[in-house]
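**Q** Below you will find the structure I want to go over with you.
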Amino acid sequence: PCGRETKDEDDYIDEAGALNVPVVTFDKDNDHTQRVAYIGTDQEFLGRTMARLLKQLRPEGGTFAIVGEKAGRVEGFTAEIMKDNGREDRAHWYPTAETIPHEGYMEGYIKSLEFFADQSPSAIVTFRQTPMKWENWTGFVDANRHKNITYIGVDSDDFQLQYLNQKYVHGLVGQSQWAIGDKLVKVLIQNITDGYLKQKIYPTNLIS
């Protein structure tokens, strides 16, 4: 299973488990079911990796705005990006003075992007891929180029790599889909061969 959790999805996993059929989830964990393992992103580590990437791109520090919050990613990012704020010999990073408590589908992301862009932050960080799927993403970035905003995002679909090449996003952090599939097969084989798994969660490597 991959994507949003649903009651039906959980039921299918539990039914398989009751029949001794091993189920491994990926990308989105169903940890309250009878799945034998989960393969996917270490969300906090992904957030920290995004912060380190931003520091490399903007070593002078500045302000940041977050769009598309996701548990673990936000905590990892903010902890890493602001950890040196008490040191005079390091660049400092701060969230924008204003916040907009809105998450949701495309309309909400567009509202958040436009709201934050008006504040001219040093960086806008998107923790979900959806905001970049906005059909006017390139127009939005072009309209705000004079503000020198750095854009950091997640995943590495073809359209995002094209944006990266054309400077419509300045940095991406994602995971190798091939590596997920490879690890999934190996975990299933190990479970079938040994009859058990040494761990329940198998984090994937990141690429940036």
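Ordered as shown in the structure tokens, chains take letters A, B, and onward, while each chain numbers its residues from 1 and ligands are numbered from 1 in the order shown.
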Gly72 of chain A: which residues within 10 Å, counting only C-alpha atoms, same-chain residues fewer than 3 positions away excluded, as a list in words?
**A** Asp42, Gln43, Glu44, Phe45, Leu46, Gly47, Arg48, Glu69, Glu75, Gly76 and Phe77 of chain A
**Q** Next, the residues of the selection above should be written as a PDB file, in the first residue's frame with N, CA and C atoms.
**A**
```pdb
ATOM      1  N   ASP A  42      12.842   8.303   6.589  1.00  0.00           N
ATOM      2  CA  ASP A  42      13.018   8.785   7.956  1.00  0.00           C
ATOM      3  C   ASP A  42      12.700  10.277   7.886  1.00  0.00           C
ATOM      4  N   GLN A  43      11.497  10.647   8.303  1.00  0.00           N
ATOM      5  CA  GLN A  43      11.000  11.993   8.068  1.00  0.00           C
ATOM      6  C   GLN A  43      11.861  13.069   8.742  1.00  0.00           C
ATOM      7  N   GLU A  44      12.296  12.814   9.960  1.00  0.00           N
ATOM      8  CA  GLU A  44      13.122  13.808  10.654  1.00  0.00           C
ATOM      9  C   GLU A  44      14.469  13.987   9.943  1.00  0.00           C
ATOM     10  N   PHE A  45      15.052  12.886   9.489  1.00  0.00           N
ATOM     11  CA  PHE A  45      16.335  12.966   8.784  1.00  0.00           C
ATOM     12  C   PHE A  45      16.169  13.714   7.471  1.00  0.00           C
ATOM     13  N   LEU A  46      15.033  13.502   6.791  1.00  0.00           N
ATOM     14  CA  LEU A  46      14.782  14.239   5.560  1.00  0.00           C
ATOM     15  C   LEU A  46      14.728  15.740   5.841  1.00  0.00           C
ATOM     16  N   GLY A  47      14.040  16.133   6.920  1.00  0.00           N
ATOM     17  CA  GLY A  47      13.959  17.547   7.276  1.00  0.00           C
ATOM     18  C   GLY A  47      15.323  18.139   7.565  1.00  0.00           C
ATOM     19  N   ARG A  48      16.158  17.387   8.295  1.00  0.00           N
ATOM     20  CA  ARG A  48      17.509  17.864   8.599  1.00  0.00           C
ATOM     21  C   ARG A  48      18.345  17.988   7.331  1.00  0.00           C
ATOM     22  N   GLU A  69       3.330  21.382   5.510  1.00  0.00           N
ATOM     23  CA  GLU A  69       3.939  20.760   6.683  1.00  0.00           C
ATOM     24  C   GLU A  69       3.694  19.253   6.712  1.00  0.00           C
ATOM     25  N   GLU A  75       9.952  19.221  12.198  1.00  0.00           N
ATOM     26  CA  GLU A  75      10.741  19.204  13.422  1.00  0.00           C
ATOM     27  C   GLU A  75      12.233  19.035  13.120  1.00  0.00           C
ATOM     28  N   GLY A  76      12.549  18.128  12.189  1.00  0.00           N
ATOM     29  CA  GLY A  76      13.949  17.924  11.829  1.00  0.00           C
ATOM     30  C   GLY A  76      14.551  19.145  11.175  1.00  0.00           C
ATOM     31  N   PHE A  77      13.778  19.774  10.295  1.00  0.00           N
ATOM     32  CA  PHE A  77      14.268  20.960   9.590  1.00  0.00           C
ATOM     33  C   PHE A  77      14.531  22.112  10.546  1.00  0.00           C
TER      34      PHE A  77
END
```
**Q** When you look at segment 49-62 of chain A with a cut-off of 6 Å (counting only C-alpha atoms), what residues show up, excluding the ones that are within fewer than 3 positions of it in the same chain? I need them as a VMD selection string.
**A** chain A and resid 46 77 81 91 to 93 122
**Q** Pick out the residues sitting within 12 Å of Tyr151 of chain A, and hand them over as a compact mmCIF listing (two decimals) with C-alpha atoms, in the first residue's frame; count only C-alpha atoms, and ignore anything fewer than 4 positions along from it in its own chain.
**A**
```txt
# COMPACT_ATOMS: atom_id res chain seq x y z
CA MET A 50 16.77 19.86 3.63
CA ALA A 51 18.08 22.28 6.25
CA LEU A 53 21.02 21.84 1.77
CA LEU A 54 19.53 25.28 2.40
CA LEU A 57 22.74 27.39 -0.85
CA ARG A 58 22.34 30.40 1.49
CA PHE A 64 12.34 30.80 5.94
CA ALA A 65 8.70 29.93 5.31
CA ILE A 66 7.30 26.40 5.34
CA VAL A 67 4.57 25.22 2.98
CA LEU A 113 2.84 30.43 -1.31
CA PHE A 116 4.72 34.02 2.19
CA ALA A 117 6.14 35.42 -1.04
CA SER A 120 10.08 38.24 0.86
CA PRO A 121 11.65 35.43 2.91
CA SER A 122 15.13 34.18 2.11
CA ALA A 123 13.69 30.74 1.42
CA ILE A 124 10.39 28.94 0.89
CA VAL A 125 10.56 25.27 1.85
CA THR A 126 7.92 22.83 0.61
CA PHE A 127 7.73 19.55 2.51
CA PRO A 131 2.79 22.75 -4.31
CA MET A 132 5.18 22.33 -7.25
CA TRP A 137 4.44 27.38 -10.38
CA THR A 138 6.85 28.77 -12.97
CA PHE A 140 4.81 32.34 -9.51
CA VAL A 141 8.60 31.93 -9.28
CA ASN A 144 8.99 36.87 -7.45
CA ARG A 145 12.52 36.51 -8.83
CA LYS A 147 12.97 39.03 -4.21
CA GLN A 160 10.95 18.75 -10.77
CA TYR A 163 12.50 22.90 -12.75
CA LEU A 164 15.85 22.39 -11.02
CA LYS A 167 16.16 27.44 -11.71
CA TYR A 168 12.48 27.18 -10.83
CA VAL A 169 13.60 25.31 -7.72
CA HIS A 170 17.08 25.52 -6.23
CA GLY A 171 17.32 22.27 -4.31
CA LEU A 172 15.50 18.93 -4.01
CA VAL A 173 15.75 16.13 -1.48
```
**Q** Using DSSP assignments from the backbone, pull out every residue in segment 108-163 of chain A that falls under helix (DSSP H, G or I) and give it to me as a ChimeraX atom specification.
**A** /A:108-117,130-133,137-143,145-147,158-163
**Q** Which residues come within 12 Å of Lys186 of chain A, counting only C-alpha atoms, excluding same-chain residues fewer than 4 positions away, as a PDB file with C-alpha atoms, in the first residue's frame?
**A**
```pdb
ATOM      1  CA  VAL A  24       5.233  -4.775   3.751  1.00  0.00           C
ATOM      2  CA  ALA A  37       7.496  -4.044   8.118  1.00  0.00           C
ATOM      3  CA  ILE A  39       9.996   0.767   4.147  1.00  0.00           C
ATOM      4  CA  ALA A 179      16.072   1.579  -3.913  1.00  0.00           C
ATOM      5  CA  ILE A 180      12.657   1.337  -2.200  1.00  0.00           C
ATOM      6  CA  GLY A 181      11.555  -1.457  -4.515  1.00  0.00           C
ATOM      7  CA  ASP A 182      14.854  -3.274  -4.125  1.00  0.00           C
ATOM      8  CA  GLN A 190      14.154 -12.342   4.375  1.00  0.00           C
ATOM      9  CA  ASN A 191      10.804 -12.659   6.146  1.00  0.00           C
ATOM     10  CA  ILE A 192       9.837 -15.722   4.117  1.00  0.00           C
ATOM     11  CA  THR A 193      13.267 -17.356   4.446  1.00  0.00           C
ATOM     12  CA  ASP A 194      13.926 -16.674   8.141  1.00  0.00           C
ATOM     13  CA  LEU A 197      12.482  -9.750  10.704  1.00  0.00           C
ATOM     14  CA  TYR A 202      13.613   0.108   7.244  1.00  0.00           C
TER      15      TYR A 202
END
```
**Q** Can you list, as a list in words, every residue of segment 45-172 of chain A that DSSP puts in strand (DSSP E or B)?
**A**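 For segment 45-172 of chain A, the strand (DSSP E or B) set is Gly62, Thr63, Phe64, Ala65, Ile66, Val67, Trp93, Tyr94, Pro95, Ala123, Ile124, Val125, Thr126, Thr150, Tyr151, Ile152, Gly153, Val154, Gly171 and Leu172 of chain A.
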**Q** Could you check which of A:Phe115, A:Gln162, A:Thr41, A:Thr130 is closest to Ile207 of chain A, using only C-alpha atoms?
**A**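 Among A:Phe115, A:Gln162, A:Thr41, A:Thr130, it is A:Thr41 that comes nearest to Ile207 of chain A.
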**Q** To one decimal in Å, tell me the separation between atom CA of Gly195 of chain A and atom CA of Thr33 of chain A.
**A**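 Computing it gives 18.4 Å between the two atoms.
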